[in-house]
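K.L.:
Please read through the structure below; I'll follow up with questions.
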Amino acid sequence: MRKNDLVTVTVTDMTFDGAGIGHVETGERRFPIFIRAAAVGDRVECRIIKVLKNYAVGIISEILTPSPHRISPACPVSAKCGGCAFCHVSYEGELGYKTQLVRQAYKLNYPAPITVADCVPSPATEGYRNKLQLPLSDDGTFGFYSLHSHRVVSAQGCNVGHPAFLPVIAAVEAWIGANGVSPYDETTGKGLVRHLFLRRGHHSGQIMVCLTVNAAAKNALPAEADLLSRLSKIDGMTSVWLNFNTKKTNVILGDCFSLLWGEERIEDTMNGVRFRISPRSFYQINTAQAEAIYAHAASYLSAEDILLDLYCGIGTIGLTCANKVKELIGIEVVDAAIEDAKKNAALNGIENARFFAADAAKTLEILAELPHKPTAVIVDPPRKGLSADAVAALKEIAPEKIIYISCNPATQARDLALLKDLYVPGEVTPYDMFPRTGHVESVVCLSREKADDYIRISVHTKDLQTKAN
Ligand SMILES: C[S@@+](CC[C@H](N)C(=O)[O-])C[C@H]1O[C@@H](n2cnc3c(N)ncnc32)[C@H](O)[C@@H]1O
């Protein structure tokens, strides 16, 4: 196979970033071809644009027979923008694919049969994002990076962000245009405005704006009063921050912030509990679906539980479960998030909760040594999953149940395999938290059902401690 060859392929599978996978027979091999914006069931003629040792990449030159799931993308920039992967597939098709993705991840990473339920649809598939991070293009408009590049494509017409963000984007762009404000250039490191970071409380409608600039001091912002006058008129505007980032880096936010206008935090509620959110804190981007996931997690808890909420962020999961359990301990590595978690507990008059800024694995190791151990642990780690140390310490503590919420089914399945000698998983439930993108969240409750194994491990641990003493 060579570059520019035209081949006819039936698409049989998809990647997480929305490319279709088909195969061509080359001699004795079935050679996989990855085809952008193809859908399972499509029969397409595609032009090969890259040939590597084990696969090729193609682009569709003609759709010969469309997949039953194929739709015309509602988004005008879907072909260029790297944000969404499934604009060309019906939502039903996308959900089916996400269910398959989780089943496949378990097949590859978990060495026993396990039940994976059908993916739970998101309550909304448009306007569901409560947060946007928009780089500024050199023509002074905000947008998204195109796939595999840092070329900015316009955000106009994007319908996954909440529509209340549109007048905010327009106001900042108008301020840039009126005052000749320079966009940051990644190659030269020159220019002022890098990103517009937006957040909105799903239930409260409060909006936070954070403008990231390539500057070290607050007075670097030209025509600040003009910017604030434009923003403060917008419905729901609550908080305007400036963030300073002079590093040549892909990381959006720098370490220093300065409040320009309004409140330090916006407020929102999740499952009836109030939360104050600062620009630095992690906050789930699809509030309605996160509420469903939290309610699912809470359904496994009982009034006698001592609950450990690991990777707790600003305390959202634990605090929404606090009235169901005897005691709540939250652990999170970001100091500012723990400060928010403590304030959030006080704001809601929750008195059975304590929060600590610490590394999850180290905290588990300490807890394993204490007599007062959690009976239930909720883990919601970043994409890389639990560290080997965290898994080992969880086994030492051996809580009755571990409720594992994950944004990466492959690492979740891997971690369940590592816990398999002590824990039996229930049904895995995928949740579509990020419609139109290739990401999927999944929840599973593990029960410690093998009492004999638990006793064996406890005795083994005591033996080790005796030897160490
Ligand atoms: C997927 S978020 C979950 C946050 C929270 N549970 C929620 O639903 O909003 C993962 C969190 O883990 C935190 N984190 C990352 N590494 C950590 C570590 N080694 N120890 C403790 N927390 C960590 C991150 O700061 C982030 O807040």
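FYI, nothing fancy with the structure tokens labels: chains A, B, ... in order, residues from 1 per chain, ligands from 1 as they appear.
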Tell me, as a VMD selection string, which residues lie within 8 Å of Thr287 of chain A, counting only C-alpha atoms; anything in the same chain fewer than 5 positions away does not count.

P.N.:
chain A and resid 128 130 202 270

K.L.:
Tell me which protein, DNA and RNA residues are within 9 Å of segment 117-124 of chain A, counting only C-alpha atoms, leaving out same-chain ones fewer than 5 positions away, and put them as a list in words.

P.N.:
Tyr91, Glu92, Leu95, Gly96, Tyr97, Lys98, Thr99, Gln100, Val102, Arg103, Asn286, Ala288, Gln289, Glu427, Val428, Thr429, Pro430, Tyr431, Asp432, Met433, Phe434, Pro435, Val440 and Ser442 of chain A

K.L.:
Write the residues you've just listed into a file as a short mmCIF file (atom, residue, chain, number, x, y, z; two decimals), in the first residue's frame, and include N, CA, C and O atoms for each of them.

P.N.:
```
data_model
loop_
_atom_site.label_atom_id
_atom_site.label_comp_id
_atom_site.auth_asym_id
_atom_site.auth_seq_id
_atom_site.Cartn_x
_atom_site.Cartn_y
_atom_site.Cartn_z
N TYR A 91 -26.76 10.23 18.13
CA TYR A 91 -26.45 10.09 19.56
C TYR A 91 -26.62 8.64 20.00
O TYR A 91 -25.83 8.12 20.80
N GLU A 92 -27.62 7.97 19.43
CA GLU A 92 -27.84 6.56 19.74
C GLU A 92 -26.59 5.73 19.36
O GLU A 92 -26.13 4.88 20.12
N LEU A 95 -23.74 6.40 21.82
CA LEU A 95 -23.90 5.70 23.10
C LEU A 95 -23.53 4.22 22.95
O LEU A 95 -22.87 3.65 23.82
N GLY A 96 -23.97 3.63 21.82
CA GLY A 96 -23.65 2.21 21.57
C GLY A 96 -22.15 2.04 21.48
O GLY A 96 -21.57 1.11 22.05
N TYR A 97 -21.50 2.98 20.82
CA TYR A 97 -20.06 2.90 20.67
C TYR A 97 -19.37 3.03 22.04
O TYR A 97 -18.44 2.29 22.36
N LYS A 98 -19.86 3.95 22.87
CA LYS A 98 -19.23 4.15 24.19
C LYS A 98 -19.40 2.91 25.07
O LYS A 98 -18.51 2.55 25.83
N THR A 99 -20.57 2.26 24.97
CA THR A 99 -20.77 1.01 25.71
C THR A 99 -19.71 0.00 25.25
O THR A 99 -19.06 -0.67 26.08
N GLN A 100 -19.53 -0.10 23.94
CA GLN A 100 -18.55 -1.05 23.39
C GLN A 100 -17.15 -0.73 23.86
O GLN A 100 -16.37 -1.61 24.16
N VAL A 102 -16.18 0.65 26.64
CA VAL A 102 -15.96 0.22 28.02
C VAL A 102 -15.86 -1.32 28.07
O VAL A 102 -14.99 -1.88 28.73
N ARG A 103 -16.74 -2.00 27.32
CA ARG A 103 -16.68 -3.48 27.30
C ARG A 103 -15.32 -3.95 26.79
O ARG A 103 -14.71 -4.86 27.34
N ASN A 286 -20.03 18.59 33.29
CA ASN A 286 -21.43 18.32 32.92
C ASN A 286 -22.18 18.09 34.23
O ASN A 286 -22.28 16.96 34.73
N ALA A 288 -25.30 18.14 35.36
CA ALA A 288 -26.48 17.27 35.51
C ALA A 288 -26.08 15.79 35.49
O ALA A 288 -26.60 14.99 36.29
N GLN A 289 -25.14 15.43 34.60
CA GLN A 289 -24.73 14.02 34.56
C GLN A 289 -23.87 13.67 35.77
O GLN A 289 -23.97 12.57 36.31
N GLU A 427 -21.89 -4.61 38.71
CA GLU A 427 -22.04 -4.20 37.31
C GLU A 427 -21.31 -2.86 37.08
O GLU A 427 -21.40 -1.96 37.91
N VAL A 428 -20.61 -2.76 35.96
CA VAL A 428 -19.97 -1.49 35.59
C VAL A 428 -21.00 -0.68 34.81
O VAL A 428 -21.60 -1.18 33.86
N THR A 429 -21.21 0.58 35.22
CA THR A 429 -22.18 1.43 34.49
C THR A 429 -21.44 2.58 33.80
O THR A 429 -20.92 3.48 34.48
N PRO A 430 -21.39 2.57 32.47
CA PRO A 430 -20.82 3.74 31.77
C PRO A 430 -21.83 4.90 31.79
O PRO A 430 -23.04 4.68 31.66
N TYR A 431 -21.31 6.11 31.94
CA TYR A 431 -22.14 7.32 31.88
C TYR A 431 -21.56 8.23 30.81
O TYR A 431 -20.35 8.48 30.80
N ASP A 432 -22.42 8.75 29.95
CA ASP A 432 -21.92 9.71 28.96
C ASP A 432 -21.87 11.10 29.58
O ASP A 432 -22.87 11.80 29.64
N MET A 433 -20.68 11.45 30.04
CA MET A 433 -20.49 12.76 30.68
C MET A 433 -20.11 13.82 29.64
O MET A 433 -20.26 15.01 29.88
N PHE A 434 -19.59 13.35 28.50
CA PHE A 434 -19.00 14.30 27.54
C PHE A 434 -19.55 14.01 26.13
O PHE A 434 -18.81 13.55 25.25
N PRO A 435 -20.87 14.24 25.90
CA PRO A 435 -21.43 13.95 24.59
C PRO A 435 -20.63 14.61 23.46
O PRO A 435 -20.13 15.72 23.61
N VAL A 440 -15.61 8.79 28.12
CA VAL A 440 -16.74 8.18 28.81
C VAL A 440 -16.34 7.94 30.28
O VAL A 440 -15.20 7.66 30.58
N SER A 442 -17.16 5.89 33.98
CA SER A 442 -17.84 4.65 34.40
C SER A 442 -17.75 4.47 35.91
O SER A 442 -16.79 4.90 36.55
#
```

K.L.:
May I ask which of the residues A:Leu419, A:Ile402, A:Ala360, A:Ala216 is the closest one to ligand 1, counting only C-alpha atoms and all ligand atoms?

P.N.:
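Between A:Leu419, A:Ile402, A:Ala360, A:Ala216, the residue approaching ligand 1 most closely is A:Ala360.
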
K.L.:
Taking only C-alpha atoms and all ligand atoms into account, which of A:Pro32, A:Pro183, A:Gly438, A:Gly330 comes nearest ligand 1?

P.N.:
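The shortest atom-to-atom distance to ligand 1 comes from A:Gly330.
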
K.L.:
Neighbours of Arg30 of chain A within 12 Å (only C-alpha atoms; same-chain residues fewer than 2 positions away dropped), as a PyMOL selection string?

P.N.:
chain A and resi 1+9+21-28+32-33+54-56

K.L.:
Keeping only N, CA and C atoms, write the selected residues as a CSV table (one decimal), in the first residue's frame.

P.N.:
```
chain,number,residue,atom,x,y,z
A,1,MET,N,0.8,-1.2,0.0
A,1,MET,CA,0.0,0.0,0.0
A,1,MET,C,0.9,1.3,0.0
A,9,VAL,N,-13.3,0.4,1.6
A,9,VAL,CA,-13.2,-0.2,2.9
A,9,VAL,C,-14.6,-0.1,3.6
A,21,ILE,N,-12.4,2.5,11.8
A,21,ILE,CA,-11.3,1.5,11.4
A,21,ILE,C,-11.9,0.5,10.4
A,22,GLY,N,-11.2,0.4,9.3
A,22,GLY,CA,-11.5,-0.7,8.4
A,22,GLY,C,-10.2,-1.4,8.0
A,23,HIS,N,-10.3,-2.5,7.3
A,23,HIS,CA,-9.1,-3.3,6.9
A,23,HIS,C,-9.1,-3.5,5.4
A,24,VAL,N,-7.9,-3.6,4.9
A,24,VAL,CA,-7.7,-4.1,3.5
A,24,VAL,C,-6.8,-5.3,3.6
A,25,GLU,N,-7.0,-6.3,2.7
A,25,GLU,CA,-6.1,-7.5,2.6
A,25,GLU,C,-4.9,-7.1,1.8
A,26,THR,N,-3.7,-7.2,2.4
A,26,THR,CA,-2.5,-7.0,1.6
A,26,THR,C,-1.7,-8.3,1.7
A,27,GLY,N,-1.7,-9.1,0.7
A,27,GLY,CA,-0.9,-10.3,0.8
A,27,GLY,C,-1.6,-11.2,1.9
A,28,GLU,N,-0.8,-11.5,2.9
A,28,GLU,CA,-1.3,-12.4,4.0
A,28,GLU,C,-1.9,-11.6,5.1
A,32,PRO,N,-4.9,-2.6,9.0
A,32,PRO,CA,-5.9,-1.6,9.5
A,32,PRO,C,-5.7,-0.2,8.9
A,33,ILE,N,-6.8,0.4,8.6
A,33,ILE,CA,-6.8,1.8,8.1
A,33,ILE,C,-7.6,2.7,9.0
A,54,ASN,N,2.5,-0.8,10.8
A,54,ASN,CA,1.3,-1.6,11.2
A,54,ASN,C,0.0,-1.1,10.8
A,55,TYR,N,-0.1,0.1,10.3
A,55,TYR,CA,-1.4,0.7,10.0
A,55,TYR,C,-1.2,1.8,9.0
A,56,ALA,N,-2.4,2.2,8.4
A,56,ALA,CA,-2.3,3.4,7.5
A,56,ALA,C,-3.4,4.4,7.9
```

K.L.:
Give the residues close to ligand 1, within 8 Å, counting only C-alpha atoms and all ligand atoms; write them as a PyMOL selection string.

P.N.:
chain A and resi 281-284+290+309-317+331-334+337+357-361+379-383+406-407

K.L.:
Nearest to Leu228 of chain A among A:Gly349, A:Gly272, A:Gly127, A:Gly262, with distances taken over only C-alpha atoms: which residue is it?

P.N.:
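Checking each candidate against Leu228 of chain A, we get A:Gly262 as the closest.
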